[in-house]
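One structure below.
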Amino acid sequence: MTRSPFLKRITPQLIILAIVLLLNVLVLPDFFTVKFQNGRLFGNIIDVLNRGAPTALLCVGMTLVIATKGIDLSVGAVMAIAGATAASLVVEGQHWTTAVMGALAVGALCGAWNGILVAFLRIQPIVATLVLMVAGRGIAQLITEGTILTFLDQGLIHLGAGTVLGIPTPILIWLSLGSFAAFLVRRTALGLLIESIGINEASSRLAGINSRVLLLCVYVVSGIGAAVAGVIVTADIQGADANNAGLWLELDAILAVVIGGNSLLGGKFSIVASLLGAMIIQSVNSVILLSGMPPEFNLVIKALLILAILVIQSPKVSHIIYILRASTPPAKVDRPNPAKELKR
Amino acid sequence: MIRSTHLPLIVTLLTFVLAYALCASQYPTMLSWRVVANLLTDNAFLGIVAVGMTFVILSGGIDLSVGSVIAFTGVFLAVILRDTSLHPLTAFALVLVITTAFGAAMGATIHYLDMPAFIVTLAGMFLARGAAYVLSTDSVSITHEFYDVLQSMYWKTASGGRFRLIGFVMVLTFIVGALVAHRTRFGQNVYALGGGAGAARLMGVPVASTTIGIYAVSGGLAGLSGIVFSLYTSAGYSLATVGVELDAIAAVVIGGTLLTGGYGFVAGSFFGILIMGLIQTYIVFDGTLSSWWTKIVIGGLLFAFILLQKGLTWASTARKKAATGFIAQS
Amino acid sequence: MTNDSLPMLHATGISKFFPGTIALDDVDLTLHRGEIHALLGENGAGKSTLIKCLTGVYRRDGGAIMLDGQTVDPTSTNHSQSLGIGTVYQEVNLLPNLTVAENLYLGRQPMRGPFVARRAMNEAARTSLKGFGIDIDPAQPLSTYSVAVQQVVAIARAVEMSGKVLILDEPTASLDLDEVKLLFSVIRQLKSRGIAIVFITHFLDQVFDLCDRATVLRNGQVVGSRVLKDVSQRDIVTLMLGRQLDTAPSAAKSAAVGAPLLQIESLGKSGMLDPFSLTIRKGEVVGLAGLLGSGRTETSKLVFGAVRADSGTMKLNGKDISVTSPRDAVAHGFALCPEDRKTEGIIGDLSVRDNIVLALQARQGWLRPIPRRKVDEIAEHYVRTLDIRLANLDVPIRLLSGGNQQKALLARWLATDPDVLILDEPTRGIDIGAHAEIIALIGRLQQDGMALLVASSEMEELVAYANRVIVLRDRKQVGELVGADITSVNIIKAIAAETRHEALQ
Amino acid sequence: ASDLTIGFSQIGSESGWRAAETTVTKQEVAARGIQLKFADAQQKQENQISALRSFIAQGVDAILIAPVVATGWDEVLEEAQDADIPVILLDRTVDAPDDLYLTAVTSDLVHEGSVAGQWLVDDMAGADCRIVELQGTTGSSPAIDRKTGFENAISGHDNLEIVRSQTGDFTRSQGKVVMESFLKAEGGDNICALYAHNDDMAVGAIQAIKEAGLKPGTDIKIVAIDAVPDAHLAIANSEMNATIELTPNMAGPALDALAAYLADGTVPPKWIQTESRLYTAADDNQAIYEVKKGLGY
Ligand SMILES: Nc1ncnc2c1ncn2[C@@H]1O[C@H](COP(=O)(O)OP(=O)(O)OP(=O)(O)O)[C@@H](O)[C@H]1O
Ligand SMILES: Nc1ncnc2c1ncn2[C@@H]1O[C@H](COP(=O)(O)OP(=O)(O)OP(=O)(O)O)[C@@H](O)[C@H]1O
Ligand SMILES: [Mg+2]
Ligand SMILES: [Mg+2]
């Protein structure tokens with residue numbers, strides 16, 4: 001039985017995703033039905049992919065940040081800032097591409113701010129990013145002056161609500177950016193270097209890795225991911241809602257990363273598994289919405305489902321499963337065995 | 001001689017005194033007993049959870065569930081007092097048992113399933129808030145006469161400020177918390193866990209019971225804070241105290257406790273709370289900040305405090321290196 | 001009740017499996033009362049694992065333990081401590097954030113009512129540590145003291161816990177001669193009180209000096225148990241390695257030293273290291289000698305840019321270079337194997353393969369990944385030439401034994417083909433076989449024209465390979481020995497000249 | 001009365017309507033030459049209570065407060081009364097005894113809901129209608145009251161039935177997301193009307209309906225509450241059918257009452273109810289939009 005290590009790594013997430021999707025089918029039998037309607041694919045499963053886009057985009061950067069032993073609480077606020085920037089630029093009459101570039105630049109700047117606090121001022125990531133989490137939403141509101149800044153620029157709207165070949169644009173954006181990032185870290189040495197500083201920064205620095213710059217970059221990537229997510233949600237509702245865009249989404253992103261089997265203590269990571277984690281969370285949300293339960297139960301259901309998922313995945317439980325599966329001790333092999341007769 | 005480990009505490013204290021003086025020089029009315037009383041009363045519930053949070057953070061963990069637990073406690077009390085004839089004191093005992101058990105359960109999950117505290121308590125946060133919703137989405141007021149008795153227990157200063165019972169409860173919690181953290185075996189074990197779970201285990205620290213104990217303390221204090229909050233507002237409301245966990249964490253960090261665990265003081269969190277309260281008060285006294293500038297200024301001040309602390313710590317360690325780097329050689 | 005003829009501790013059939021390895025296979029160990037028992041074996045033989053199984057850190061997969069005639073089953077360190085087994089685990093395991101006294105009495109503090117009696121505790125700590133020859137303020141955080149002091153604190157803690165058995169896993173690895181002597185006298189006292197003592201070390205001299213009996217492990221199995229006064233060091237080494245070791249370690253020291261390669265001019269950092277000058281030639285090994293805290297580690301870190309110097313210049317091949325970070329240093333062909341393997345060397349969770357290519361990859365930059373085939377080639381090459389023992393290249397390096405980790409780190413740097421190789425305590429915690437191999441390796445590297453700067457606490461070792469020895473004291477360069485002058489006696493003399501070492505007083 | 005200072009404790013800035021209320025309040029205050037101390041509570045009751053205490057400590061002449069929740073104000077209101085500072089409540093009443101505050105300027109949230117329900121009852125005129133409902137933030141009093149009012153109005157009309165009801169958190173994006181799931185779970189053709197607890201959610205839902213290939217306002221009737229500019233625009237574009245106004249100008253009547261009280265002790269009624277006006281396609285929505293757009297919604 002030879003499975004590729006990659007498949008082996010994401011198997012738990014695939015199984016869990018399948019289970020949660022099955023739950024969806026239980027509450028809504030035609031969950032998987034996809035129609036082509038009004039020039040676009042139309043169906044619940046498409047919604048899961050589409051609505052999971054912001055979390056998916058956030059969790060790419062979040063995976064890298066967490067791999068370095070960090071955490072980025074500011075992504076929700078950065079989404080708001082980026083969305084507000086994009087909206088205010090098109091409202092001012094700029095071309096939408098300029099607006100998007102502006103938003104990405106602002107996102108990168110926010111990431112760089114976090115990165116400088118973490119990598120150079122050596123402030124603990126959770127506090128460093130808390131600053132921007134608190135202040136960031138204020139900055140976004142400063143840009144929109146507290147209103148929902150609406151716009152009618154079709155180019156920008158297309159990014160959030162449009163389709164390409166019938167597929168909603170956000171799906172294409174997160175799939176392409178996600179796979180690009182996953183490909184990039186594995187086909188270059190980036191993945192190795194990031195894991196290395198996450199496991200032991202002092203050792204990595206002594207091995208000649210430029211850990212500070214790498215740390216900075218990781219936060220910048222997170223900021224840019226948040227900016228893309230911010231542009232998408234803004235475009236989706238044709239308005240920048242500085243108060244609510246990305247509110248508490250950082251928690252979903254962190255959850256997605258953890259459900260993706262990545263350790264909050266840094267080190268080895270898998271972006272693909274995190275993306276699956278984001279889809280798992282969105283599928284859980286979908287169960288809740290489709291079930292028709294009164295909304296006061298939403299949180300309890302979500303908490304219990306997530307808890308169940310995490311318990312199944314916890315190292316101890318998987319260790320027990322491992323032991324149950326391989327209850328025989330490893331065969332005595334490949335060690336030059338000492339002359340046992342010396343014992344006598 | 002001042003121990004170098006006390007430095008962050010002293011820095012926080014100095015920062016508070018300095019900031020208060022600056023505020024008072026701008027708004028002389030801030031130098032009144034009324035404002036002092038307000039600081040204690042208005043931050044009582046936050047202070048109590050901050051004590052629990054200090055234990056958690058000292059041990060190298062984090063507890064995101066406290067805000068939700070406060071809300072749950074309030075709703076639970078309100079519903080119990082509305083629907084049953086239980087005496088509030090009985091209800092208090094009941095809710096403290098529930099929240100302590102809830103914290104202990106999270107601690108057990110963290111230890112036995114080897115899951116990160118961040119995630120376990122995040123799920124706990126959803127769960128507690130969800131449970132509050134299920135009990136009642138509506139805000140339920142509490143009209144028991146015993147509440148009136150408790151609320152009328154205050155000491156009024158000449159200027160009209162009121163030192164209320166809940167303020168004293170907070171101060172008492174801090175004193176007990178400080179004693180437990182710095183003077184008992186349990187406290188030492190908490191610091192030991194924060195210093196390194198692996199080494200602590202090899203040194204024979206009962207890691208399981210300590211971890212469970214820490215989160216039980218945090219849960220129980222969140223419950224106590226919920227009781228105080230229900231006294232503060234005479235109501236239970238499932239949407240109350242959203243995000244309080246972040247305020248508590250910020251207060252603890254401003255108070256000089258390291259998020260990585262092992263270093264810090266309960267008393268530091270007290271000044272952390274006062275500094276946060278001072279920021280709020282100052283903003284209201286100023287009264288010109290728009291909604292968004294309020295957020296930006298709070299973030300900015302948080303940053304300034306962190307930076308100040310960082311700077312002072314750097315300065316002192318640099319001095320320490322030069323002076324005592326080879327202490328054992330002299 | 002206690003029966004003096006019964007062994008104090010009798011473990012039989014202890015087995016322990018890790019995924020993919022059998023760390024212990026049916027191991028027996030018998031400790032008599034008042035016996036000092038050496039546990040010997042190569043790196044990775046299973047010594048530490050055996051200790052951890054005996055003291056409940058690991059759940060053993062088989063076997064029984066009798067303590068003082070009673071069957072016991074320790075489930076945690078806490079439990080084994082309460083049974084009267086005191087242990088110092090390999091690598092100092094104390095809490096840097098607590099005070100010395102708190103570390104010493106954690107879990108058994110003197111109490112007054114519900115509260116810890118601090119003053120009494122500090123007093124007790126002071127008295128207890130005085131018995132080990134150190135007089136320090138026990139109310140200070142442990143981290144303010146040197147590794148040596150910390151080691152002594154760990155030992156003192158274990159000694160106070162050990163009503164019946166004391167286990168010391170490589171306690172002398174970071175101690176000076178004087179401290180070792182003190183430790184030995186304490187151990188002999190305990191022996192006279194009837195306590196059974198397990199002593200693990202790679203220094204065979206110490207074993208023969210101190211111990212009564214030795215049990216030798218190889219690949220997780222007991223290969224023999226000997227009364228030491230009946231055997232020679234040679235016999236023991238042969239038992240450990242399963243083969244003869246070619247005579248005393250000696251590198252083929254070549255006198256043919258090349259042109260100056262690295263010229264250091266008054267490099268220093270205030271408060272850390274006085275400015276020093278040093279020239280290293282191609283094919284030369286420069287040794288750094290000194291006591292604990294004399295500045296050897298600082299010297300190597302400064303040269304490598306791991307600590308930024310605040311004065312001085314460096315020339316490589318006659319050209320000025322500036323080294324402000326390890327990155328710069330690597331770019332200029334420097335390499336440093338740091339002293340503290342665990343925190344500054346290995347990347348614990350990464351595979352051995354990744355650890356070996358890490359420095360090379362870091363130097364090439366992230367955009368030019370080393371192809372997988374090439375990676376395997378490099379890793380396999382060094383595993384073979386340095387004889388690194390492992391199940392496969394994919395195991396996380398933290399699961400390797402100390403000696404094998406050290407070799408993997410050497411491999412990491414050799415893979416970058418450095419011009420200047422700096423080794424800080426290259427043989428600390430290394431078994432006698434690997435020790436010889438590393439010394440031979442140093443000789444080979446020198447012959448290949450590499451310039452080496454080696455800091456070591458082992459005089460014989462320096463004598464074996466150094467062309468020149470720089471002696472440090474109090475973070476100052478105080479002497480230099482060249483050629484035939486390099487002998488253990490001379491080095492010790494140079495170190496001790498003028499002031500006596502008082503590090504622990 | 002330029003030497004007058006009043007404190008205004010606002011809930012936060014969680015929605016466009018809230019921002020407009022802040023803007024209008026500031027305008028009204030400025031127009032009367034009064035000094036304003038503004039405090040944003042970031043949606044937290046504890047911040048509002050402490051803001052009130054700080055206002056009292058500063059000795060302001062009067063306090064305006066938009067309470068985040070009805071309960072929990074007794075103590076601090078007593079302290080204000082002790083200090084002889086009149087308190088006026090904006091847009092929501094509290095559960096405290098009514099002698100603790102001067103007056104409350106609010107709309108009737110339940111009434112708003114029933115106006116919406118009544119409109120739908122009239123519009124359907126007996127035809128069968130399956131309604132989906134977008135609730136406000138779970139637990140918030142507008143969500144609870146607007147739901148109650150609407151249910152009261154349609155009860156007894158068996159042709160009207162709420163088939164799905166889920167929270168949209170008062171936000172556009174959640175409004176859109178939840179509407180999408182309604183459309184799939186029920187099938188777009190099986191939904192006849194949407195009732196949203198605020199306009200923002202309705203605007204989000206309109207987009208979801210359009211993306212599903214249906215015509216909002218025609219295929220699915222839409223009624224919501226608040227009358228923010230974008231709702232007027234949607235009605236003008238025939239994408240929405242009705243909205244009920246919640247005026248952001250609560251401060252105007254409040255300040256008038258205060259001025260009268262301070263001038264000669266005229267005690268205002270305990271409740272000054274603002275009008276809950278219904279806007280439909282019959283009004284000139286384009287014109288209203290132009291007027292309202294500058295108010296900071
Ligand atoms: N947690 C673990 N998981 C898997 N393998 C392990 C683990 N701990 C140790 N091993 C393996 O068990 C074997 C015995 O290791 P151990 O640390 O006991 O050696 P040792 O004799 O103490 O060596 P040293 O002299 O270097 O300290 C080694 O091959 C090591 O790789
Ligand atoms: N006696 C001591 N007292 C205080 N600190 C010490 C002492 N010895 C060592 N240290 C600390 O330990 C670290 C290593 O010191 P240094 O590099 O001077 O030692 P070294 O000569 O390399 O000795 P070794 O590596 O054998 O421990 C330094 O950071 C130093 O501050
Ligand atoms: Mg060992
Ligand atoms: Mg050294």
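Identifiers in the structure tokens: chain A, B, ... in order shown; residue index from 1 per chain; ligand index from 1 in order shown.
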Would you mind listing what lies within 10 Å of Val323 of chain C as JSON, numbers by chain, with only C-alpha atoms counted and same-chain residues fewer than 5 positions away left out?
{"C": [302, 303, 304, 305, 306, 307, 308, 309, 313, 314, 328, 329, 330, 331, 332, 334]}
Return as a Markdown table the residues of chain C lying at most 12 Å from ligand 4, together with the closest atom-to-atom pair for each and the distance in Å to one decimal, counting only C-alpha atoms and all ligand atoms, with rows in chain order and ascending residue number.
```
| residue | atom | partner | partner_atom_place_in_ligand_line | distance |
| --- | --- | --- | --- | --- |
| C:Ser146 | CA | ligand 4 | 1 (Mg) | 11.0 |
| C:Val147 | CA | ligand 4 | 1 (Mg) | 10.0 |
| C:Ala148 | CA | ligand 4 | 1 (Mg) | 11.2 |
| C:Ala173 | CA | ligand 4 | 1 (Mg) | 11.7 |
| C:Ser174 | CA | ligand 4 | 1 (Mg) | 9.1 |
| C:Leu175 | CA | ligand 4 | 1 (Mg) | 11.3 |
| C:Asp176 | CA | ligand 4 | 1 (Mg) | 11.8 |
| C:Leu288 | CA | ligand 4 | 1 (Mg) | 9.7 |
| C:Ala289 | CA | ligand 4 | 1 (Mg) | 9.8 |
| C:Gly290 | CA | ligand 4 | 1 (Mg) | 9.1 |
| C:Leu291 | CA | ligand 4 | 1 (Mg) | 8.9 |
| C:Leu292 | CA | ligand 4 | 1 (Mg) | 6.9 |
| C:Gly293 | CA | ligand 4 | 1 (Mg) | 7.0 |
| C:Ser294 | CA | ligand 4 | 1 (Mg) | 8.1 |
| C:Gly295 | CA | ligand 4 | 1 (Mg) | 7.0 |
| C:Arg296 | CA | ligand 4 | 1 (Mg) | 5.2 |
| C:Thr297 | CA | ligand 4 | 1 (Mg) | 3.9 |
| C:Glu298 | CA | ligand 4 | 1 (Mg) | 7.3 |
| C:Thr299 | CA | ligand 4 | 1 (Mg) | 9.0 |
| C:Ser300 | CA | ligand 4 | 1 (Mg) | 8.6 |
| C:Lys301 | CA | ligand 4 | 1 (Mg) | 9.7 |
| C:Cys337 | CA | ligand 4 | 1 (Mg) | 11.2 |
| C:Pro338 | CA | ligand 4 | 1 (Mg) | 8.4 |
| C:Glu339 | CA | ligand 4 | 1 (Mg) | 5.9 |
| C:Asp340 | CA | ligand 4 | 1 (Mg) | 8.3 |
| C:Arg341 | CA | ligand 4 | 1 (Mg) | 11.4 |
| C:Ile422 | CA | ligand 4 | 1 (Mg) | 12.0 |
| C:Leu423 | CA | ligand 4 | 1 (Mg) | 10.0 |
| C:Asp424 | CA | ligand 4 | 1 (Mg) | 6.3 |
| C:Glu425 | CA | ligand 4 | 1 (Mg) | 6.7 |
| C:Pro426 | CA | ligand 4 | 1 (Mg) | 10.3 |
| C:Thr427 | CA | ligand 4 | 1 (Mg) | 11.9 |
| C:Arg428 | CA | ligand 4 | 1 (Mg) | 10.3 |
| C:Val454 | CA | ligand 4 | 1 (Mg) | 10.4 |
| C:Ala455 | CA | ligand 4 | 1 (Mg) | 7.0 |
| C:Ser456 | CA | ligand 4 | 1 (Mg) | 7.6 |
| C:Ser457 | CA | ligand 4 | 1 (Mg) | 8.3 |
| C:Glu458 | CA | ligand 4 | 1 (Mg) | 11.8 |
| C:Leu472 | CA | ligand 4 | 1 (Mg) | 11.4 |
| C:Arg475 | CA | ligand 4 | 1 (Mg) | 11.4 |
```
Only C-alpha atoms, please: the residues just picked out, written as an mmCIF file, in the first residue's frame.
```
data_model
loop_
_atom_site.group_PDB
_atom_site.id
_atom_site.type_symbol
_atom_site.label_atom_id
_atom_site.label_comp_id
_atom_site.auth_asym_id
_atom_site.auth_seq_id
_atom_site.Cartn_x
_atom_site.Cartn_y
_atom_site.Cartn_z
ATOM 1 C CA SER C 146 25.899 29.694 34.401
ATOM 2 C CA VAL C 147 25.152 26.314 32.951
ATOM 3 C CA ALA C 148 27.580 24.783 35.416
ATOM 4 C CA ALA C 173 29.221 17.072 30.351
ATOM 5 C CA SER C 174 29.272 20.760 31.205
ATOM 6 C CA LEU C 175 31.348 20.770 34.382
ATOM 7 C CA ASP C 176 34.949 21.727 34.976
ATOM 8 C CA LEU C 288 40.465 27.650 22.035
ATOM 9 C CA ALA C 289 41.060 26.599 25.610
ATOM 10 C CA GLY C 290 39.670 27.977 28.821
ATOM 11 C CA LEU C 291 37.372 27.338 31.693
ATOM 12 C CA LEU C 292 33.598 27.565 31.700
ATOM 13 C CA GLY C 293 32.615 31.098 30.907
ATOM 14 C CA SER C 294 36.061 32.094 29.752
ATOM 15 C CA GLY C 295 34.740 33.320 26.445
ATOM 16 C CA ARG C 296 35.312 30.488 24.010
ATOM 17 C CA THR C 297 31.726 30.369 22.863
ATOM 18 C CA GLU C 298 31.628 34.142 22.603
ATOM 19 C CA THR C 299 34.763 34.120 20.466
ATOM 20 C CA SER C 300 33.286 31.681 18.012
ATOM 21 C CA LYS C 301 29.963 33.498 17.874
ATOM 22 C CA CYS C 337 28.729 24.078 14.813
ATOM 23 C CA PRO C 338 27.370 25.670 17.967
ATOM 24 C CA GLU C 339 27.878 24.367 21.459
ATOM 25 C CA ASP C 340 24.211 24.096 22.388
ATOM 26 C CA ARG C 341 22.960 21.498 19.979
ATOM 27 C CA ILE C 422 34.327 26.808 13.631
ATOM 28 C CA LEU C 423 33.525 24.010 16.049
ATOM 29 C CA ASP C 424 32.321 24.775 19.550
ATOM 30 C CA GLU C 425 32.637 21.717 21.782
ATOM 31 C CA PRO C 426 32.395 19.294 18.872
ATOM 32 C CA THR C 427 32.673 16.228 21.078
ATOM 33 C CA ARG C 428 30.431 17.159 23.985
ATOM 34 C CA VAL C 454 37.892 24.620 17.626
ATOM 35 C CA ALA C 455 36.746 25.435 21.145
ATOM 36 C CA SER C 456 36.951 22.524 23.521
ATOM 37 C CA SER C 457 37.081 21.692 27.186
ATOM 38 C CA GLU C 458 39.016 18.520 26.593
ATOM 39 C CA LEU C 472 41.242 32.456 27.290
ATOM 40 C CA ARG C 475 36.781 36.744 28.386
#
```
Give the alpha helix (DSSP H) residues of segment 21-251 of chain A, as DSSP finds them on the backbone, and put them as a ChimeraX atom specification.
/A:21-27,44-51,53-67,75-91,96-115,125-144,154-161,169-187,190-199,201-206,211-236,249-251
Kindly indicate which residue among D:Asp74, D:Glu21, D:Asp3, D:Asp95 lies nearest to chain A, using only C-alpha atoms for the distances.
D:Glu21
Spatial neighbours of segment 304-317 of chain A, 10 Å, only C-alpha atoms, chain gap at least 4 places, as number ranges by chain
A: 12-13, 16-17, 20, 255, 258-261, 280-281, 284, 299-300, 321-323; B: 109-116, 119-120, 122-124, 126-127
Residues just named, written with N, CA, C and O atoms as a short mmCIF file (atom, residue, chain, number, x, y, z; two decimals), in the first residue's frame:
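Contents of out-v9.cif, as written:
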```cif
data_model
loop_
_atom_site.label_atom_id
_atom_site.label_comp_id
_atom_site.auth_asym_id
_atom_site.auth_seq_id
_atom_site.Cartn_x
_atom_site.Cartn_y
_atom_site.Cartn_z
N PRO A 12 -7.12 12.91 6.43
CA PRO A 12 -8.11 13.21 7.49
C PRO A 12 -9.04 14.34 7.10
O PRO A 12 -10.26 14.26 7.32
N GLN A 13 -8.48 15.37 6.49
CA GLN A 13 -9.32 16.51 6.10
C GLN A 13 -10.33 16.09 5.03
O GLN A 13 -11.49 16.50 5.07
N ILE A 16 -13.11 14.16 6.74
CA ILE A 16 -14.01 15.02 7.51
C ILE A 16 -14.89 15.85 6.59
O ILE A 16 -16.10 15.99 6.81
N LEU A 17 -14.28 16.36 5.53
CA LEU A 17 -15.07 17.15 4.57
C LEU A 17 -16.20 16.29 4.01
O LEU A 17 -17.35 16.74 3.92
N VAL A 20 -18.96 15.99 6.60
CA VAL A 20 -19.77 17.20 6.78
C VAL A 20 -20.67 17.42 5.56
O VAL A 20 -21.83 17.82 5.69
N LEU A 255 -9.10 28.69 12.82
CA LEU A 255 -9.75 27.38 12.94
C LEU A 255 -9.47 26.53 11.72
O LEU A 255 -9.17 25.34 11.82
N VAL A 258 -6.11 25.08 11.84
CA VAL A 258 -5.98 24.00 12.82
C VAL A 258 -6.72 22.75 12.34
O VAL A 258 -6.21 21.63 12.46
N ILE A 259 -7.91 22.96 11.77
CA ILE A 259 -8.63 21.80 11.23
C ILE A 259 -7.80 21.17 10.11
O ILE A 259 -7.84 19.97 9.89
N GLY A 260 -7.02 22.00 9.44
CA GLY A 260 -6.12 21.48 8.42
C GLY A 260 -4.95 20.70 9.00
O GLY A 260 -4.04 20.33 8.27
N GLY A 261 -4.97 20.47 10.30
CA GLY A 261 -3.95 19.62 10.90
C GLY A 261 -2.62 20.32 11.12
O GLY A 261 -1.61 19.66 11.34
N ILE A 280 -14.24 22.91 5.05
CA ILE A 280 -14.97 22.19 6.10
C ILE A 280 -15.79 23.18 6.93
O ILE A 280 -16.98 22.97 7.20
N ILE A 281 -15.16 24.29 7.30
CA ILE A 281 -15.88 25.28 8.09
C ILE A 281 -17.08 25.82 7.31
O ILE A 281 -18.19 25.95 7.84
N VAL A 284 -19.81 23.42 7.37
CA VAL A 284 -20.51 23.45 8.65
C VAL A 284 -21.51 24.61 8.67
O VAL A 284 -22.67 24.45 9.05
N LEU A 299 -24.67 28.89 17.11
CA LEU A 299 -23.36 28.82 17.74
C LEU A 299 -23.12 27.48 18.42
O LEU A 299 -22.03 26.92 18.35
N VAL A 300 -24.17 26.98 19.08
CA VAL A 300 -24.00 25.71 19.77
C VAL A 300 -23.69 24.61 18.77
O VAL A 300 -22.78 23.80 18.96
N ILE A 321 -5.63 5.65 17.69
CA ILE A 321 -6.04 4.96 16.47
C ILE A 321 -4.84 4.25 15.85
O ILE A 321 -4.91 3.09 15.45
N TYR A 322 -3.71 4.96 15.87
CA TYR A 322 -2.49 4.38 15.31
C TYR A 322 -2.14 3.10 16.05
O TYR A 322 -1.84 2.06 15.46
N ILE A 323 -2.21 3.16 17.38
CA ILE A 323 -1.84 2.00 18.17
C ILE A 323 -2.80 0.84 17.93
O ILE A 323 -2.41 -0.31 17.78
N THR B 109 -9.44 18.77 28.45
CA THR B 109 -9.32 18.56 27.00
C THR B 109 -7.94 18.98 26.51
O THR B 109 -7.30 18.28 25.74
N ILE B 110 -7.50 20.13 27.00
CA ILE B 110 -6.20 20.63 26.58
C ILE B 110 -5.11 19.64 26.97
O ILE B 110 -4.24 19.30 26.17
N HIS B 111 -5.20 19.14 28.19
CA HIS B 111 -4.12 18.26 28.64
C HIS B 111 -4.22 16.86 28.04
O HIS B 111 -3.30 16.38 27.42
N TYR B 112 -5.38 16.25 28.22
CA TYR B 112 -5.44 14.83 27.84
C TYR B 112 -5.50 14.62 26.34
O TYR B 112 -5.01 13.62 25.83
N LEU B 113 -6.13 15.55 25.62
CA LEU B 113 -6.16 15.37 24.17
C LEU B 113 -5.02 16.11 23.49
O LEU B 113 -4.91 16.10 22.28
N ASP B 114 -4.20 16.78 24.31
CA ASP B 114 -3.01 17.41 23.75
C ASP B 114 -3.38 18.41 22.66
O ASP B 114 -2.80 18.44 21.59
N MET B 115 -4.43 19.20 22.93
CA MET B 115 -4.86 20.17 21.93
C MET B 115 -4.47 21.57 22.39
O MET B 115 -4.39 21.84 23.57
N PRO B 116 -4.21 22.48 21.43
CA PRO B 116 -3.80 23.82 21.83
C PRO B 116 -4.91 24.57 22.57
O PRO B 116 -6.08 24.48 22.20
N ILE B 119 -7.39 26.85 20.63
CA ILE B 119 -8.49 26.26 19.89
C ILE B 119 -9.56 25.71 20.83
O ILE B 119 -10.76 25.91 20.61
N VAL B 120 -9.12 25.06 21.88
CA VAL B 120 -10.11 24.49 22.81
C VAL B 120 -10.96 25.60 23.41
O VAL B 120 -12.19 25.51 23.47
N LEU B 122 -11.43 28.50 22.18
CA LEU B 122 -12.22 29.13 21.12
C LEU B 122 -13.54 28.37 20.96
O LEU B 122 -14.62 28.98 20.88
N ALA B 123 -13.45 27.06 20.95
CA ALA B 123 -14.67 26.25 20.89
C ALA B 123 -15.51 26.51 22.14
O ALA B 123 -16.74 26.63 22.06
N GLY B 124 -14.83 26.64 23.30
CA GLY B 124 -15.53 26.94 24.53
C GLY B 124 -16.26 28.28 24.44
O GLY B 124 -17.36 28.43 24.96
N PHE B 126 -17.49 29.69 21.70
CA PHE B 126 -18.70 29.50 20.91
C PHE B 126 -19.78 28.79 21.75
O PHE B 126 -20.94 29.16 21.74
N LEU B 127 -19.32 27.77 22.47
CA LEU B 127 -20.26 26.94 23.21
C LEU B 127 -20.97 27.74 24.31
O LEU B 127 -22.19 27.69 24.44
#
```
Mind checking which residues fall within 12 Å of Asn355 of chain C, counting only C-alpha atoms, ignoring those fewer than 4 positions away in the same chain, and posting them as a PyMOL selection string?
(chain A and resi 192-193+195-196+199-200+203-204+207) or (chain C and resi 345-351+359-362+375-376+378-379+382+393-398+405-413+415)
Could you tell me which residues of chain B sit within 6 Å of chain D when counting only C-alpha atoms, and give me the result as a PyMOL selection string?
chain B and resi 42+137-138+141+233-235+284+287-288+291
Taking C-alpha atoms for each residue, export the selection above as a tab-separated table (two decimals), in the first residue's frame.
```tsv
chain	number	residue	atom	x	y	z
B	42	ASP	CA	-16.60	50.04	36.05
B	137	THR	CA	-31.91	35.66	23.40
B	138	ASP	CA	-33.75	38.49	25.06
B	141	SER	CA	-33.65	41.89	33.97
B	233	THR	CA	-26.29	45.71	35.13
B	234	SER	CA	-29.09	43.93	37.05
B	235	ALA	CA	-29.66	41.80	34.01
B	284	VAL	CA	-14.77	60.24	27.28
B	287	GLY	CA	-15.26	63.82	24.06
B	288	THR	CA	-14.19	64.89	20.59
B	291	SER	CA	-16.22	56.47	16.52
```
